[in-house]
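What follows is a short report on a single structure.
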Amino acid sequence: MTQRRLICLAALLLVAACEGGNVYASGPAPDLVGALPELPPTTGGGTASGTEGTFDHPAALGDVTTDVREALARIEEEGPPGYTARVQSCRKLPYATLGRVLASRGVNLSGDGAGALYRESDQALGAPNYGARVAESTEVTVATASRMFDLFVQAAPEIIAAMPTLDACRIGDRGAEMFDAEGHCTADGISCLLGVPATETHVALCDTFIARASTPERGRQIAVASMLAAHFTCE
Amino acid sequence: MNRPMHRLPICTALVTLLAAGCGGYDYPDAPTPPAVVDAGASAPDAGEVGGDLSPDAGSAPVDDGYADTPDTSGTISAEWQARLAARTPDYGQALRTASLRLRGTLPTLVETRFVAAAGDPRRAYEAFIDAWLEEPTLRRQMLAFWRNTFRAGGNPALNEAPAFATWLVTEDRPITELFTATSGACATIAEDGTISPGDCDNGVPVHAGVLSTPGLMAHYRSNLAFRRVRFVQETFACTAFPAEIDAPMDVGGASPYTAPWPFESIAGADNGGRIDFHDVSSVTCANCHATMNHLAPLFARFDDEGRFQDDFAVRLPLVDAPLAVRADWLPPDEETGWRHGIAARNLPELGAALAADPDVEACFVARAWNFALGKGDIVATLSVVPTSVIETERAEFAAGGHRMKALLRAVFTSDDFTHF
């Protein structure tokens with residue numbers, strides 16, 4: 001066996017936990033004692049934790065852990081580390097950042113509606129729980145994505161109404177409007193909403209949402225919510 | 001049994017991959033563009049396009065065999081290289097991403113249009129990065145970064161270490177003071193977000209930065225102080241145990257012994273220990289514990305509240321949970337140490353060893369890189385950053401005296417960050 005294979009074997013075996021001393025010494029149920037084989041005494045004494053007397057080796061410091069199979073599957077799907085490390089990943093928008101983004105675009109986080117939904121959604125949105133050694137989640141789960149979309153749908157009317165008055169959407173003394181007098185999407189409105197320069201594709205897509213909705217009012221809300229969802233699935 | 005250390009690429013890959021096994025919403029006023037930037041042309045650059053809602057990434061090229069032998073050296077095939085080379089700069093998108101990460105909010109419409117209309121969008125973008133690295137919002141974002149890195153925060157005790165790390169960043173001090181500061185590591189956060197360094201009062205004779213703060217020591221309490229050891233290894237060296245790999249040696253078990261320390265340099269049932277770290281019946285415990293046991297006694301005098309005691313204050317996972325004694329980790333004459341050949345007789349010496357360790361230096365760069373590029377925790381999610389990817393940034397980090405602000409600037413202005 002080559003040195004490399006030996007190391008591979010050793011590394012794979014390390015996934016398992018180390019065995020404690022006398023696995024029975026921590027006390028089997030009295031009615032089972034007679035059924036146990038005779039074991040030589042050890043100097044180690046019994047173990048007080050873990051499964052079947054082995055010492056507990058937590059998989060991770062916090063609650064997130066990725067095993068080798070997951071890592072290999074990810075490499076197979078996304079590419080080798082030399083590639084993936086050099087491109088942006090789709091990280092979940094941090095809970096606090098999402099709140100600031102919404103507030104900066106006109107949502108009253110202390111109010112009802114979107115504000116209330118945001119306040120109640122910290123766990124669904126992957127907020128950290130440092131007391132339990134759990135960092136902010138970086139993964140976009142189905143629960144997180146669906147809650148974010150609910151939030152954006154709720155927030156859309158507030159954002160549309162507030163945009164012309166927002167400092168973040170102002171150029172000189174003119175505040176950007178999300179929609180023009182004819183109800184069409186504006187490039188400045190989309191740029192401010194998303195934080196990137198709007199393209200013709202953005203504007204056309206936004207108008208399509210409105211055209212396909214049952215009413216223009218509903219269409220405008222869906223347009224804003226959909227564009228937010230598309231751009232904020234990842235940070 | 002002393003053997004020279006061999007650094008095997010496959011070992012590094014496997015160890016890295018196996019690591020997992022073993023305030024208010026005070027949106028700032030819209031800032032004006034930095035004065036140093038010339039607005040340049042009034043029309044957006046033709047190449048500046050905002051996020052495409054339906055990107056067509058095409059099918060991923062396949063490297064034969066890469067899944068069988070994961071290579072963390074950064075070597076990739078010509079096809080993957082071609083994909084990297086095909087990226088083009090998009091400073092509008094980069095501005096949005098950088099703003100979300102460095103300021104925690106979106107760029108304003110003025111900022112977005114300014115970069116889009118600039119004659120030299122790269123220069124305009126970099127001017128914003130420079131400005132944002134000096135804004136108070138960086139403190140908030142760095143505090144979140146360190147809280148997530150340390151998995152600690154939210155109350156004064158758990159805020160100490162992340163606040164101190166944040167203070168080192170915003171004050172542009174060497175981040176290695178995380179391990180070497182003899183005062184100030186119990187930092188406090190005022191209601192307005194201001195961070196002040198503060199001295200810890202947990203009885204430590206000579207402090208070693210966050211390695212001796214009561215909040216972290218209490219947060220990572222455990223039997224035999226192994227959780228504290230694991231925290232230090234994973235947080236600051238960016239790999240889980242086993243931390244040291246040497247040529248395999250047959251020690252009579254099903255799997256070989258691979259640590260560089262002599263097998264008998266740690267305690268076991270055959271040399272006075274109450275836990276048999278020499279056990280090889282299932283896996284070779286000593287592969288990880290050779291390093292762990294040489295570190296743990298340094299953290300074992302902190303009690304469950306993080307107060308430093310004269311005697312060891314951690315317990316064994318045995319019936320009646322007895323207090324540990326030194327012989328539970330190491331034989332009598334064995335010294336504590338950071339790595340084989342790098343002795344650390346106390347926490348300040350350990351801090352000095354960490355500050356001088358090139359792996360720790362690389363870890364800071366990799367964590368900053370993953371923060372910027374939107375990756376998960378480098379250990380918990382196995383988001384490996386190959387050495388070759390961060391070579392330039394690491395060299396600048398070292399040359400600049402380990403200042404995080406300069407490192408963040410280097411990463412956020414790198415081609416990999418700004419090209420999509």
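Within each chain, counting starts at residue 1; across the structure tokens, chains are named A, B, ... in the order shown, with ligands numbered 1 upward in that order.
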* **Glu136 (chain A) environment, 12 Å, only C-alpha atoms, sequence neighbours closer than 5 positions dropped, as a ChimeraX atom specification** => /A:62-64,91-97,122-131 /B:144-153,376-377
* strand (DSSP E) residues, from DSSP on the backbone, in region 139-317 of chain B, as a ChimeraX atom specification -> /B:188-189,195-196
* What's the 10 Å shell around Arg122 (chain B), counting only C-alpha atoms, without same-chain residues fewer than 6 positions away, as JSON, numbers by chain? -> {"B": [89, 90, 91, 92, 94, 115, 116, 128, 413, 418]}
Output of the above residues as a tab-separated table (two decimals), in the first residue's frame, restricted to N, CA and C atoms:
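Result file is again_32.tsv:
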```tsv
chain	number	residue	atom	x	y	z
B	89	PRO	N	-14.85	42.73	-16.12
B	89	PRO	CA	-15.11	43.58	-14.95
B	89	PRO	C	-16.53	44.15	-14.98
B	90	ASP	N	-17.16	44.16	-13.85
B	90	ASP	CA	-18.48	44.77	-13.70
B	90	ASP	C	-18.46	45.55	-12.39
B	91	TYR	N	-18.04	46.80	-12.49
B	91	TYR	CA	-17.86	47.58	-11.27
B	91	TYR	C	-19.18	48.00	-10.64
B	92	GLY	N	-20.25	48.01	-11.43
B	92	GLY	CA	-21.56	48.29	-10.87
B	92	GLY	C	-21.99	47.17	-9.93
B	94	ALA	N	-19.93	44.96	-8.63
B	94	ALA	CA	-18.95	44.90	-7.54
B	94	ALA	C	-19.26	45.94	-6.47
B	115	VAL	N	-20.48	55.52	-10.51
B	115	VAL	CA	-19.53	54.51	-11.03
B	115	VAL	C	-19.88	54.14	-12.46
B	116	ALA	N	-21.19	54.03	-12.74
B	116	ALA	CA	-21.60	53.65	-14.09
B	116	ALA	C	-21.20	54.70	-15.12
B	128	PHE	N	-14.46	54.47	-3.82
B	128	PHE	CA	-15.54	54.16	-2.87
B	128	PHE	C	-15.07	53.15	-1.82
B	413	THR	N	-10.67	44.85	-4.11
B	413	THR	CA	-10.30	45.45	-5.40
B	413	THR	C	-9.62	44.44	-6.32
B	418	THR	N	-14.03	41.75	-8.64
B	418	THR	CA	-14.70	42.72	-9.52
B	418	THR	C	-15.05	42.16	-10.90
```
* Quick one: DSSP helix (DSSP H, G or I) residues in region 18-232 of chain A, as a ChimeraX atom specification? -> /A:30-33,51-53,68-78,81-84,95-104,114-119,130-132,142-165,167-169,187-194,200-212,216-232
Near-His289 (chain B) list (7 Å; only C-alpha atoms; drop same-chain fewer than 4 positions) as a CSV table (one decimal) with C-alpha atoms, in the first residue's frame:
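Result saved to around.csv:
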```csv
chain,number,residue,atom,x,y,z
B,277,PHE,CA,-5.2,8.5,24.1
B,285,CYS,CA,-6.8,8.8,18.8
B,293,ASN,CA,-2.9,17.3,24.4
```
* To do: Find the residue from B:Arg274, B:Lys405, B:Arg140, B:Arg83 that sits nearest to chain A; use only C-alpha atoms when measuring.
  => B:Arg274
* Nearby residues (only C-alpha atoms) at most 12 Å from Ala368 (chain B), same-chain spacing under 4 positions excluded, as a PyMOL selection string -> chain B and resi 101-102+142+145-146+149+169+238+361-364+372-378+385+390+393-394+397+403-412+417
* **Shell around Phe231 (chain B) at 12 Å using only C-alpha atoms, local window under 3 positions removed, as number ranges by chain** => A: 60-62, 133; B: 149-152, 210-211, 216-217, 219-222, 225-228, 234-241, 292, 295-296, 299, 379-380
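Residues in contact range of region 201-217 of chain A, defined as at most 7 Å between only C-alpha atoms, with sequence neighbours fewer than 3 positions away removed, read His184, Cys185, Thr186, Ala187, Ala198, Arg220, Gln221, Ile222 and Ala223 of chain A.
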Filtering to N, CA and C atoms, could you give me those residues as a short mmCIF file (atom, residue, chain, number, x, y, z; two decimals), in the first residue's frame?
```cif
data_model
loop_
_atom_site.label_atom_id
_atom_site.label_comp_id
_atom_site.auth_asym_id
_atom_site.auth_seq_id
_atom_site.Cartn_x
_atom_site.Cartn_y
_atom_site.Cartn_z
N HIS A 184 -45.21 52.79 -16.24
CA HIS A 184 -44.10 51.93 -16.66
C HIS A 184 -42.93 52.05 -15.68
N CYS A 185 -42.14 51.02 -15.64
CA CYS A 185 -40.97 51.01 -14.76
C CYS A 185 -39.94 52.02 -15.25
N THR A 186 -39.22 52.63 -14.31
CA THR A 186 -38.17 53.57 -14.69
C THR A 186 -36.79 52.96 -14.37
N ALA A 187 -35.82 53.35 -15.16
CA ALA A 187 -34.47 52.82 -14.95
C ALA A 187 -33.90 53.29 -13.61
N ALA A 198 -29.58 49.86 -13.81
CA ALA A 198 -30.61 49.10 -14.52
C ALA A 198 -30.26 49.00 -16.00
N ARG A 220 -47.56 46.03 -10.41
CA ARG A 220 -46.43 46.83 -9.92
C ARG A 220 -45.85 46.22 -8.64
N GLN A 221 -46.74 45.74 -7.80
CA GLN A 221 -46.24 45.10 -6.56
C GLN A 221 -45.46 43.82 -6.88
N ILE A 222 -46.01 43.05 -7.80
CA ILE A 222 -45.32 41.80 -8.16
C ILE A 222 -43.98 42.11 -8.82
N ALA A 223 -43.96 43.16 -9.62
CA ALA A 223 -42.71 43.53 -10.31
C ALA A 223 -41.62 43.87 -9.30
#
```
